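J.: I am attaching a structure below and will ask some questions about it afterwards.
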Amino acid sequence: MAIEIKNVTYTYMKKTPYEKDALKNVSLTIDKGSFVAVAGHTGSGKSTLMQHLNGLLKPSDGQVVVDDIDINGKGSAVITAKRSVGMVFQYPEHQLFEETIFADIAFGPKNFGLDEAEITSRVQAAMEFVKLDYKKYKDMSPFALSGGQMRRVAIAGIIALQPRYLVLDEPTAGLDPQAKRDLLNNIRQLYDKGDTTVIMVSHNMDDIMGLAQRVIVLNNGEIAADGRPAEIFNKNAVLEQAGLRPPRLTQLLQKINDEVVPVKTNYTNVDAA
Ligand code: ADP
């Protein structure tokens, strides 16, 4: 079982002066049970690649195969295959719209045609999972929550679909450090349960080192590197391509160095002149 990206090219605004190959003949396999991080500069093609994983974008050329099913093909198996991939977009809380937290999380499971009892039990489990007390929060408006809590509601809505593959596009962007830690712990717990393969776009080397077994670096629509985080992070050129910030320890050492040995400059003080 795996997601296979086979020679995928994706062109935006084809046959216009703005034509852009966002993915160029990309091939890769994401095995079931893995935790994969995807890194790369803004514009390197990460979101475009993610949107191919559940058929939201259709390759201009090539194939996306989920558990042996070409998800851009025909037949009822295609729907099941697409449904096995849950997508958490950037700032997913912007997509909350229902009057209550319960209704928001139940929206996807309802669309899947599940019965009421199953929907309630999934919403309950998903809320418990993201550490939102069911009784306390279920009838509240999602808009009464803090940013971090709203993000948890949005993620619970995807978890309630019980996806076999969970795709997260920069899930911690804009969260405060505590909310960020809580969310990453949550994702880790979900992964550790063993039923979910995780594919996560991230810019943070600490997060990638702590969670992922594999990091794929995209650069200008192509795979620039693919390997274990420790291997990849040893290569400065790759880090630069990935737009990755050094891990906290490196930053800390840098800071200490900067403080102990102040950088001497020859600049004259313009203000004083
Ligand atoms: P990333 O997620 O790594 O920032 P994207 O996949 O969003 O990269 O974008 C890859 C390239 O495709 C960029 O050059 C971007 O400008 C272009 N692109 C993305 N979305 C669109 C769009 N809707 N229309 C035209 N070009 C786009």
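Identifiers in this document derive from the order of the structure tokens: chains are assigned A, B, ..., residues are numbered from 1 separately in each chain, and ligands are numbered from 1 in order of occurrence.
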Can you pull out the residues contacting A:Val215? Cut-off 8 Å, using only C-alpha atoms, and skip same-chain residues under 3 positions away; I want them as a ChimeraX atom specification.
T.: /A:36-39,208,212,225-229,232
J.: Return as a count of residues only the residues of protein, DNA or RNA that approach ligand 1 to within 9 Å, with only C-alpha atoms and all ligand atoms taken into account.
T.: 29
J.: Here is a test: counting only C-alpha atoms, which residue of A:Ser27, A:Gln178, A:Asn186, A:Thr16 is nearest to A:Glu4?
T.: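 Of the candidates, the smallest distance to A:Glu4 is held by A:Ser27.
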J.: For each of A:Glu231, A:Asp206, A:Glu170, A:Asp176, take the minimum atom-to-atom distance to A:Phe89, counting only C-alpha atoms, then give the residue where this is smallest.
T.: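 Checking each candidate against A:Phe89, we get A:Glu170 as the closest.
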J.: Leaving out A:Ala103 and any residue of its chain fewer than 4 positions from it, which residues lie within 12 Å of it when counting only C-alpha atoms, given as a ChimeraX atom specification?
T.: /A:96-99,107-111,116,119-120,122-124,137-142,153-154,156-157,160
J.: Would you save the residues of that selection, restricted to C-alpha atoms, as an mmCIF file, in the first residue's frame?
T.:
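This is the output file part15.cif:
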data_model
loop_
_atom_site.group_PDB
_atom_site.id
_atom_site.type_symbol
_atom_site.label_atom_id
_atom_site.label_comp_id
_atom_site.auth_asym_id
_atom_site.auth_seq_id
_atom_site.Cartn_x
_atom_site.Cartn_y
_atom_site.Cartn_z
ATOM 1 C CA LEU A 96 -14.668 26.736 9.355
ATOM 2 C CA PHE A 97 -18.183 27.961 8.677
ATOM 3 C CA GLU A 98 -20.788 26.055 10.677
ATOM 4 C CA GLU A 99 -22.642 27.460 13.691
ATOM 5 C CA PHE A 107 -19.570 18.126 7.971
ATOM 6 C CA GLY A 108 -17.127 15.744 6.244
ATOM 7 C CA PRO A 109 -18.449 12.525 7.817
ATOM 8 C CA LYS A 110 -21.988 13.626 6.808
ATOM 9 C CA ASN A 111 -20.824 14.069 3.228
ATOM 10 C CA GLU A 116 -25.972 9.732 12.800
ATOM 11 C CA ILE A 119 -21.045 10.616 12.962
ATOM 12 C CA THR A 120 -21.529 11.450 16.643
ATOM 13 C CA ARG A 122 -16.454 10.059 15.233
ATOM 14 C CA VAL A 123 -16.913 13.726 16.206
ATOM 15 C CA GLN A 124 -16.576 12.770 19.855
ATOM 16 C CA TYR A 137 -17.280 22.718 23.268
ATOM 17 C CA LYS A 138 -19.646 20.812 20.976
ATOM 18 C CA ASP A 139 -22.406 23.467 20.920
ATOM 19 C CA MET A 140 -20.089 26.462 20.917
ATOM 20 C CA SER A 141 -19.394 28.547 17.834
ATOM 21 C CA PRO A 142 -15.975 27.751 16.369
ATOM 22 C CA VAL A 153 -11.342 21.987 15.265
ATOM 23 C CA ALA A 154 -10.347 22.148 11.594
ATOM 24 C CA ALA A 156 -10.518 17.251 13.982
ATOM 25 C CA GLY A 157 -12.825 17.593 10.952
ATOM 26 C CA ALA A 160 -13.074 12.332 11.866
#
J.: What's the 9 Å shell around A:Leu168, counting only C-alpha atoms, without same-chain residues fewer than 4 positions away, as a PyMOL selection string?
T.: chain A and resi 50+86-90+198-202
J.: Using DSSP on the backbone coordinates, identify the residues of stretch 8-55 of chain A assigned to alpha helix (DSSP H); present them as a PDB file with N, CA and C atoms, in the first residue's frame.
T.:
ATOM      1  N   LYS A  46       5.467  22.678  -3.461  1.00  0.00           N
ATOM      2  CA  LYS A  46       4.981  21.819  -2.371  1.00  0.00           C
ATOM      3  C   LYS A  46       3.448  21.717  -2.362  1.00  0.00           C
ATOM      4  N   SER A  47       2.776  22.867  -2.374  1.00  0.00           N
ATOM      5  CA  SER A  47       1.305  22.836  -2.311  1.00  0.00           C
ATOM      6  C   SER A  47       0.724  22.176  -3.556  1.00  0.00           C
ATOM      7  N   THR A  48       1.340  22.431  -4.687  1.00  0.00           N
ATOM      8  CA  THR A  48       0.868  21.823  -5.933  1.00  0.00           C
ATOM      9  C   THR A  48       0.966  20.299  -5.826  1.00  0.00           C
ATOM     10  N   LEU A  49       2.072  19.825  -5.283  1.00  0.00           N
ATOM     11  CA  LEU A  49       2.246  18.380  -5.107  1.00  0.00           C
ATOM     12  C   LEU A  49       1.200  17.831  -4.134  1.00  0.00           C
ATOM     13  N   MET A  50       1.008  18.522  -3.015  1.00  0.00           N
ATOM     14  CA  MET A  50       0.038  18.052  -2.014  1.00  0.00           C
ATOM     15  C   MET A  50      -1.357  17.935  -2.627  1.00  0.00           C
ATOM     16  N   GLN A  51      -1.712  18.923  -3.447  1.00  0.00           N
ATOM     17  CA  GLN A  51      -3.064  18.914  -4.019  1.00  0.00           C
ATOM     18  C   GLN A  51      -3.263  17.816  -5.061  1.00  0.00           C
ATOM     19  N   HIS A  52      -2.173  17.191  -5.476  1.00  0.00           N
ATOM     20  CA  HIS A  52      -2.303  16.041  -6.375  1.00  0.00           C
ATOM     21  C   HIS A  52      -2.627  14.756  -5.624  1.00  0.00           C
TER      22      HIS A  52
END
J.: I'd like to know which of A:Glu93, A:Val66, A:Ser146, A:Ile158 is closest to A:Ala125, using only C-alpha atoms.
T.: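 When distances to A:Ala125 are compared using only C-alpha atoms, the smallest one comes from A:Ile158.
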J.: Please produce, as a tab-separated table, a per-residue contact table for stretch 10-61 of chain A versus stretch 76-85 of chain A (criterion: any atom at most 8 Å away, only C-alpha atoms considered), showing the nearest atom pair and its distance in Å to one decimal, sorted by chain then residue number.
T.:
residue	atom	partner	partner_atom	distance
A:Leu53	CA	A:Val85	CA	7.1
A:Asn54	CA	A:Lys82	CA	5.1
A:Gly55	CA	A:Lys82	CA	6.7
J.: Keeping only N, CA and C atoms, write those residues as a PDB file, in the first residue's frame.
T.:
ATOM      1  N   LEU A  53      -2.328  14.755  -4.298  1.00  0.00           N
ATOM      2  CA  LEU A  53      -2.409  13.497  -3.565  1.00  0.00           C
ATOM      3  C   LEU A  53      -3.842  13.011  -3.362  1.00  0.00           C
ATOM      4  N   ASN A  54      -4.796  13.952  -3.407  1.00  0.00           N
ATOM      5  CA  ASN A  54      -6.205  13.494  -3.305  1.00  0.00           C
ATOM      6  C   ASN A  54      -7.020  13.900  -4.529  1.00  0.00           C
ATOM      7  N   GLY A  55      -6.338  14.210  -5.600  1.00  0.00           N
ATOM      8  CA  GLY A  55      -7.037  14.462  -6.854  1.00  0.00           C
ATOM      9  C   GLY A  55      -7.604  15.863  -7.002  1.00  0.00           C
TER      10      GLY A  55
END
J.: Considering only strand (DSSP E) as DSSP defines it on the backbone, what residues of stretch 32-164 of chain A qualify? List them as a PDB file with C-alpha atoms, in the first residue's frame.
T.:
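Output below, filename out-v8.pdb:
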ATOM      1  CA  PHE A  35       6.064   9.885   8.181  1.00  0.00           C
ATOM      2  CA  VAL A  36       7.327  12.067   5.376  1.00  0.00           C
ATOM      3  CA  ALA A  37       8.218  15.758   5.513  1.00  0.00           C
ATOM      4  CA  VAL A  38       8.185  17.894   2.382  1.00  0.00           C
ATOM      5  CA  ALA A  39      10.378  21.000   2.408  1.00  0.00           C
ATOM      6  CA  ASP A  61       1.005  14.590 -17.466  1.00  0.00           C
ATOM      7  CA  GLY A  62       1.648  11.435 -15.424  1.00  0.00           C
ATOM      8  CA  GLN A  63      -0.317   9.511 -12.820  1.00  0.00           C
ATOM      9  CA  VAL A  64      -1.170   9.569  -9.124  1.00  0.00           C
ATOM     10  CA  VAL A  65      -1.856   6.094  -7.790  1.00  0.00           C
ATOM     11  CA  VAL A  66      -3.263   5.523  -4.297  1.00  0.00           C
ATOM     12  CA  ILE A  69      -5.885   2.917  -7.928  1.00  0.00           C
ATOM     13  CA  ASP A  70      -5.228   5.731 -10.439  1.00  0.00           C
ATOM     14  CA  VAL A  85      -6.340  10.819   1.688  1.00  0.00           C
ATOM     15  CA  GLY A  86      -7.268  13.563   4.185  1.00  0.00           C
ATOM     16  CA  MET A  87      -6.038  17.076   3.414  1.00  0.00           C
ATOM     17  CA  VAL A  88      -5.348  19.781   5.953  1.00  0.00           C
TER      18      VAL A  88
END
J.: May I ask for the distance between atom CA of A:Met205 and atom CA of A:Tyr165, given in Å to one decimal place?
T.: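 So the two atoms, atom CA of A:Met205 and atom CA of A:Tyr165, lie 22.1 Å apart.
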J.: Got a sec: who's within 10 Å of A:Met1, counting only C-alpha atoms, leaving out chain neighbours fewer than 4 positions off, as a ChimeraX atom specification?
T.: /A:29-33,66-68
J.: Limited to C-alpha atoms, could you put the picked residues into a file as a compact mmCIF listing (two decimals), in the first residue's frame?
T.:
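Writing the result to result.txt gives the following:
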# COMPACT_ATOMS: atom_id res chain seq x y z
CA THR A 29 6.51 6.63 -3.64
CA ILE A 30 5.20 7.24 -0.15
CA ASP A 31 4.81 3.92 1.62
CA LYS A 32 1.94 3.28 3.97
CA GLY A 33 3.12 3.67 7.56
CA VAL A 66 -3.26 5.52 -4.30
CA ASP A 67 -3.23 1.93 -3.08
CA ASP A 68 -3.04 0.69 -6.69
J.: Please report as CSV every residue of stretch 185-217 of chain A lying within 12 Å of stretch 126-129 of chain A, along with the nearest atom pair and their distance in Å (one decimal), using only C-alpha atoms.
T.:
residue,atom,partner,partner_atom,distance
A:Asn185,CA,A:Phe129,CA,10.8
A:Asn186,CA,A:Phe129,CA,7.4
A:Ile187,CA,A:Phe129,CA,9.8
A:Arg188,CA,A:Phe129,CA,11.6
A:Gln189,CA,A:Phe129,CA,9.0
A:Leu190,CA,A:Phe129,CA,8.4
A:Lys193,CA,A:Phe129,CA,11.6
J.: Any chance you could export the current selection's C-alpha atoms as a PDB file, in the first residue's frame?
T.:
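Output file result-v1.pdb follows:
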ATOM      1  CA  ASN A 185       2.354  16.081  19.786  1.00  0.00           C
ATOM      2  CA  ASN A 186      -1.125  15.318  18.536  1.00  0.00           C
ATOM      3  CA  ILE A 187       0.087  14.490  15.049  1.00  0.00           C
ATOM      4  CA  ARG A 188       2.802  12.323  16.575  1.00  0.00           C
ATOM      5  CA  GLN A 189       0.258  10.453  18.724  1.00  0.00           C
ATOM      6  CA  LEU A 190      -1.956   9.871  15.723  1.00  0.00           C
ATOM      7  CA  LYS A 193      -1.262   4.631  16.803  1.00  0.00           C
TER       8      LYS A 193
END
J.: Find the residues near A:Ala144: any atom within 10 Å, counting only C-alpha atoms, skip ones fewer than 5 places away on the same chain, and give them as a count of residues only.
T.: 5
J.: Do you have the atom CA of A:Pro163-atom CA of A:Gly194 distance handy?
T.: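 These atoms are spaced 12.1 Å apart.
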J.: Can you pull out the residues contacting A:Thr172? Cut-off 8 Å, using only C-alpha atoms, and skip same-chain residues under 5 positions away; I want them as a count of residues only.
T.: 3
J.: Between atom CA of A:Thr196 and atom CA of A:Gly174, what is the distance in Å, rounded to a tenth?
T.: 24.8 Å
